[in-house]
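Please read the structure below before turning to the comments.
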Amino acid sequence: MKKLLSLCVLALMFISCSKDNDPDVQTKSEKKVKVEVEFSGNYQNYQLLFTINSLTKGEGAFVEPLISTPANTQWTQVIAQGNAYNYIADLTSNKLVVESKEAVNRLGFLLSATQTKNTDDAAQTPITALIKVYADDKLIETYTYKALPVGQVTEPVSKNLDISAY
């Protein structure tokens, strides 16, 4: 009986110390992301604010975003410790493309535009933007932005995405 009890205790200890390979536990996948913004309307009359406020890998490490279009465009403000990359400039191109330098599982961005030129021209077409988010070159989300006329408050587009869900 003592041998049986010792054997049961030994078996219980072996089972409790063994590694559990639970197939239900999912690891967060990481993908390279790209955000494409296409502007229409009188976009040359606007100043753009585009912010990347979250671009992280699974363990929380920050990843640098790169502006690929327009060519040779740099971030106007970088706070690397806070994972904040801001681009504030007059719009001279109808397209802005931002890509992650490495694969990530979280993306947060904000887009807003303010009319700064020809503010008294009532006939102009307000700016609109089509925002497309890609993960590993696959379209995962689409958003639209439309500026209101001068003097009215336009809500920015602010999104936080779990890329590993796509």
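Chain labels follow the order of the structure tokens: the first chain is A, the next B, and so on; residue numbering restarts at 1 in every chain, and ligands are counted from 1 in their shown order.
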
Extract, using only C-alpha atoms, all DNA, RNA and protein residues at most 10 Å from Ile140 in chain A, discarding same-chain residues fewer than 2 positions from it, and format them as a tab-separated table (two decimals) with all heavy atoms, in the first residue's frame.
chain	number	residue	atom	x	y	z
A	33	VAL	N	2.74	46.53	-41.65
A	33	VAL	CA	1.55	47.32	-41.95
A	33	VAL	C	1.89	48.50	-42.85
A	33	VAL	O	3.02	48.98	-42.87
A	33	VAL	CB	0.83	47.81	-40.68
A	33	VAL	CG1	0.32	46.66	-39.85
A	33	VAL	CG2	1.71	48.71	-39.86
A	132	LYS	N	-6.67	53.60	-46.26
A	132	LYS	CA	-6.64	52.14	-46.40
A	132	LYS	C	-5.50	51.60	-45.53
A	132	LYS	O	-4.38	52.09	-45.61
A	132	LYS	CB	-6.42	51.72	-47.85
A	132	LYS	CG	-7.53	52.13	-48.79
A	132	LYS	CD	-7.20	51.74	-50.21
A	132	LYS	CE	-8.27	52.20	-51.17
A	132	LYS	NZ	-7.90	51.91	-52.56
A	133	VAL	N	-5.82	50.57	-44.73
A	133	VAL	CA	-4.82	49.94	-43.88
A	133	VAL	C	-4.57	48.53	-44.40
A	133	VAL	O	-5.52	47.76	-44.59
A	133	VAL	CB	-5.28	49.90	-42.41
A	133	VAL	CG1	-4.22	49.24	-41.53
A	133	VAL	CG2	-5.62	51.30	-41.90
A	134	TYR	N	-3.30	48.21	-44.61
A	134	TYR	CA	-2.90	46.90	-45.11
A	134	TYR	C	-2.05	46.19	-44.06
A	134	TYR	O	-1.27	46.82	-43.36
A	134	TYR	CB	-2.06	47.04	-46.37
A	134	TYR	CG	-2.77	47.65	-47.55
A	134	TYR	CD1	-2.84	49.04	-47.70
A	134	TYR	CD2	-3.38	46.85	-48.51
A	134	TYR	CE1	-3.50	49.60	-48.79
A	134	TYR	CE2	-4.03	47.41	-49.60
A	134	TYR	CZ	-4.09	48.79	-49.72
A	134	TYR	OH	-4.74	49.35	-50.79
A	135	ALA	N	-2.19	44.86	-43.99
A	135	ALA	CA	-1.33	44.01	-43.18
A	135	ALA	C	-0.77	42.94	-44.10
A	135	ALA	O	-1.54	42.19	-44.72
A	135	ALA	CB	-2.11	43.37	-42.04
A	136	ASP	N	0.53	42.90	-44.22
A	136	ASP	CA	1.21	42.00	-45.18
A	136	ASP	C	0.59	42.13	-46.56
A	136	ASP	O	0.25	41.13	-47.21
A	136	ASP	CB	1.17	40.55	-44.69
A	136	ASP	CG	2.17	40.28	-43.57
A	136	ASP	OD1	3.08	41.12	-43.37
A	136	ASP	OD2	2.04	39.24	-42.90
A	137	ASP	N	0.40	43.36	-47.01
A	137	ASP	CA	-0.13	43.72	-48.33
A	137	ASP	C	-1.57	43.28	-48.58
A	137	ASP	O	-2.03	43.27	-49.71
A	137	ASP	CB	0.78	43.17	-49.45
A	137	ASP	CG	2.14	43.85	-49.44
A	137	ASP	OD1	2.20	45.07	-49.19
A	137	ASP	OD2	3.15	43.16	-49.67
A	138	LYS	N	-2.29	42.93	-47.53
A	138	LYS	CA	-3.71	42.57	-47.65
A	138	LYS	C	-4.53	43.70	-47.00
A	138	LYS	O	-4.28	44.08	-45.86
A	138	LYS	CB	-3.98	41.24	-46.93
A	138	LYS	CG	-5.43	40.83	-46.97
A	138	LYS	CD	-5.65	39.57	-46.15
A	138	LYS	CE	-7.14	39.38	-45.97
A	138	LYS	NZ	-7.44	38.57	-44.80
A	142	THR	N	-10.79	50.08	-44.14
A	142	THR	CA	-10.91	51.29	-44.95
A	142	THR	C	-11.72	52.31	-44.16
A	142	THR	O	-12.75	51.96	-43.57
A	142	THR	CB	-11.62	51.00	-46.29
A	142	THR	OG1	-10.88	49.99	-46.99
A	142	THR	CG2	-11.71	52.23	-47.15
A	163	ILE	N	-3.58	44.27	-35.00
A	163	ILE	CA	-3.23	43.69	-36.31
A	163	ILE	C	-3.25	42.17	-36.25
A	163	ILE	O	-3.57	41.51	-37.23
A	163	ILE	CB	-1.85	44.20	-36.77
A	163	ILE	CG1	-1.87	45.73	-36.92
A	163	ILE	CG2	-1.42	43.55	-38.07
A	163	ILE	CD1	-2.88	46.27	-37.89
A	165	ALA	N	-5.39	40.33	-35.09
A	165	ALA	CA	-6.76	39.83	-35.28
A	165	ALA	C	-7.09	39.64	-36.76
A	165	ALA	O	-8.13	39.08	-37.09
A	165	ALA	CB	-7.76	40.79	-34.64
A	166	TYR	N	-6.24	40.11	-37.64
A	166	TYR	CA	-6.51	40.02	-39.09
A	166	TYR	C	-5.68	38.94	-39.73
A	166	TYR	O	-4.62	38.63	-39.40
A	166	TYR	CB	-6.24	41.37	-39.76
A	166	TYR	CG	-7.14	42.47	-39.27
A	166	TYR	CD1	-6.73	43.31	-38.24
A	166	TYR	CD2	-8.38	42.64	-39.83
A	166	TYR	CE1	-7.55	44.32	-37.80
A	166	TYR	CE2	-9.22	43.66	-39.37
A	166	TYR	CZ	-8.79	44.49	-38.35
A	166	TYR	OH	-9.62	45.49	-37.91

Would you mind listing what lies within 12 Å of Gly82 in chain A as a list in words, with only C-alpha atoms counted and same-chain residues fewer than 3 positions away left out? Ile52, Asn53, Ser54, Leu55, Thr56, Gly60, Ala61, Phe62, Val63, Glu64, Gln77, Val78, Ile79, Tyr85 and Asn86 of chain A

Would you pick out the contacts of Gly151 in chain A at 12 Å or less, using only C-alpha atoms, so that residues sharing its chain but fewer than 4 positions from it are not included, and give the list as JSON, numbers by chain? {"A": [114, 115, 116, 119, 120, 122, 147]}

My list of candidates is A:Val98, A:Ala103, A:Pro65, A:Tyr46. Which is closest to Ala80 in chain A when distances are computed with only C-alpha atoms? A:Pro65

Between CA of Lys34 in chain A and CA of Thr76 in chain A, what distance in Å does the model show, to one decimal? 19.1 Å

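In this structure, CA of Gly58 in chain A sits 9.1 Å away from CA of Ser164 in chain A.
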
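Between CA of Lys95 in chain A and CA of Ala71 in chain A there is a distance of 10.6 Å.
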
Contacts of Gln74 in chain A within 9 Å, only C-alpha atoms, excl. fewer than 6 positions in-chain, as a VMD selection string: chain A and resid 66 to 67 87

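Those residues that approach Tyr43 in chain A to within 12 Å, counting only C-alpha atoms, are Glu38, Phe39, Ser40, Tyr46, Gln47, Leu48, Ala89, Asp90, Leu91, Thr92, Ser93, Asn94, Lys95, Ala113, Thr114, Gln115, Thr116, Lys117, Asn118, Gln124, Thr125, Pro126, Ile127, Thr128, Ala129, Lys146 and Ala147 of chain A; same-chain residues fewer than 3 positions away are not listed.
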
Who sits within 7 Å of Pro156 in chain A, only C-alpha atoms, same chain under 6 positions skipped, as a PyMOL selection string: chain A and resi 110-112

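Scanning range 7-157 of chain A with DSSP on the backbone, the alpha helix (DSSP H) assignments fall on Leu7, Cys8, Val9, Leu10, Ala11, Leu12, Met13, Phe14, Ile15, Ser16 and Cys17 of chain A.
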
Export of prior selection with C-alpha atoms as a tab-separated table (two decimals), in the first residue's frame:
chain	number	residue	atom	x	y	z
A	7	LEU	CA	3.72	5.82	-6.85
A	8	CYS	CA	0.53	7.95	-6.90
A	9	VAL	CA	2.34	10.91	-5.28
A	10	LEU	CA	5.20	10.57	-7.78
A	11	ALA	CA	2.75	10.41	-10.71
A	12	LEU	CA	0.89	13.47	-9.40
A	13	MET	CA	4.13	15.41	-9.09
A	14	PHE	CA	5.17	14.40	-12.60
A	15	ILE	CA	1.84	15.52	-14.08
A	16	SER	CA	1.81	18.83	-12.21
A	17	CYS	CA	5.35	19.67	-13.32

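Of the listed residues (A:Ala84, A:Leu96, A:Val157, A:Val35), A:Val35 comes nearest to Glu141 in chain A; the distances count only C-alpha atoms.
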